[in-house]
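Peer 1: Just dropping this structure here.
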Amino acid sequence: MARLSARRQPAAIGVFDSGVGGLTVVREIMRQLPAEKVVYFGDTARFPYGNKARETLIRFSLENARFLSREHIKLLVVACNSASAYVLPSLRYALRIPVVGVIEPGARAAHQVTRNRKVGVIGTVATIESDSYQQTLLGLDPGLKITSRACPLFVPLVEEGWLGHKVTYDVARAYLAAFKGQGIDTLLLGCTHYPLLREVIQKTVGRKVRLVDSAFEAARQVKVLLEEQGLAEHGPALAMGRHRFFVSDVPEKFVAVAKRFLGPRLPPVAQAGP
């Protein structure tokens, strides 16, 4: 497999996802690293990734990486949990830049936060069935007790904008009842859509349970890596228009949903493809 190359001093952080969920990672990067330029690619034409075979995910991800490499990125973030579960080794082989996923940073933070070693994990069906978070957590501490629950309706509720709707609370109570009696003190939000439901989830599980946001933790790892390698930008926050967003399908629906993640002011969004 031919290695992909990037310019010696690329300017941007590249982020890709199968759709809009990865914008929670972008939001955290913009907050934690305000002077960094972000180039985002949402593969909306091939969404969702959760039902794709491993080989297909690797192919899609390499194509996405090639596309973003043409934008001269210095670090790549895989903001899709399904892709993070399977493609990081292939991307790290193919690229000459650091590659960050969302699973390992979130799992590491949950391991550090828990005091009673009882951790809950919520995510999409594909993410939970992959056992990626569970395996990563147990790799950090085989003595952890992990309770997992797929919450498939959370994603469409977020994209519909029902962030505080009574229906959303009802769905949260139905899903999160699985954690009652399990004694968890930490709940890992294993989907990049879920931070938008943080308040609903927190109220449902109770304030004594610590929520771990994998999007926040991925952005924090990006910050650490850039500082360690002397690649971090420092200075005033970039204007929103300095960032660049691309999608592989028509942008209109993406733009409507993206405003729920980043607010009414968005960077320009163009249709393009790997």
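FYI, nothing fancy with the structure tokens labels: chains A, B, ... in order, residues from 1 per chain, ligands from 1 as they appear.
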Please give the complete set of residues from region 178-258 of chain A that DSSP, run on the backbone, assigns to strand (DSSP E), formatted as a VMD selection string.
Peer 2: chain A and resid 186 to 189 210 to 213 244 to 247
Peer 1: Find the residues near region 100-116 of chain A: any atom within 8 Å, counting only C-alpha atoms, skip ones fewer than 4 places away on the same chain, and give them as an MDAnalysis selection string.
Peer 2: chainID A and resid 75:81 84:85 88 132:133 136:137 140:141 184:188 190 210 212:215 217:218 221:222
Peer 1: What does the distance between CA of Phe216 (chain A) and CA of Pro152 (chain A) come to in Å, to one decimal place?
Peer 2: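 Calculated distance between CA of Phe216 (chain A) and CA of Pro152 (chain A) is 21.1 Å.
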Peer 1: Based on the backbone DSSP call, show me all residues of region 134-258 of chain A assigned helix (DSSP H, G or I), as a PyMOL selection string.
Peer 2: chain A and resi 134-140+154-160+166-179+194-205+214-228+240-242+251-258
Peer 1: Counting only C-alpha atoms, which of A:Cys151, A:Val20, A:Leu68, A:Leu231 gets nearest to Leu176 (chain A)?
Peer 2: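 Of A:Cys151, A:Val20, A:Leu68, A:Leu231, the one nearest Leu176 (chain A) is A:Cys151, counting only C-alpha atoms.
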Peer 1: What is the CA of Ala94 (chain A) to CA of Gly19 (chain A) distance in Å?
Peer 2: 22.9 Å
Peer 1: Please determine, counting only C-alpha atoms, which residue among A:Glu63, A:Glu227, A:Glu233, A:Asp17 has the shortest atom-to-atom distance to Phe41 (chain A).
Peer 2: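 When distances to Phe41 (chain A) are compared using only C-alpha atoms, the smallest one comes from A:Asp17.
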Peer 1: Any idea what the distance is between CA of Phe67 (chain A) and CA of Gly14 (chain A)?
Peer 2: 9.8 Å
Peer 1: Would you mind listing, for every residue of region 87-171 of chain A within 10 Å of region 253-270 of chain A, the two atoms forming the shortest contact and the distance between them in Å to one decimal, using only C-alpha atoms, sorted by chain and ascending residue number, as a tab-separated table?
Peer 2:
residue	atom	partner	partner_atom	distance
A:Val158	CA	A:Arg260	CA	8.3
A:Glu159	CA	A:Val257	CA	5.8
A:Glu160	CA	A:Val257	CA	7.8
A:Gly161	CA	A:Arg260	CA	7.0
A:Leu163	CA	A:Arg260	CA	9.4
Peer 1: List the spatial neighbours of region 234-237 of chain A as a PyMOL selection string - criterion: any atom at most 8 Å away, only C-alpha atoms, same-chain residues fewer than 5 positions off excluded.
Peer 2: chain A and resi 34-36
Peer 1: Name all residues at most 9 Å from Val125 (chain A) (count only C-alpha atoms; drop same-chain ones fewer than 2 positions away) and give them as a list of chain:residue names.
Peer 2: A:Gly50, A:Gly123, A:Thr127, A:Ile128, A:Glu129, A:Ser130, A:Arg149, A:Ala150, A:Cys151, A:Pro152
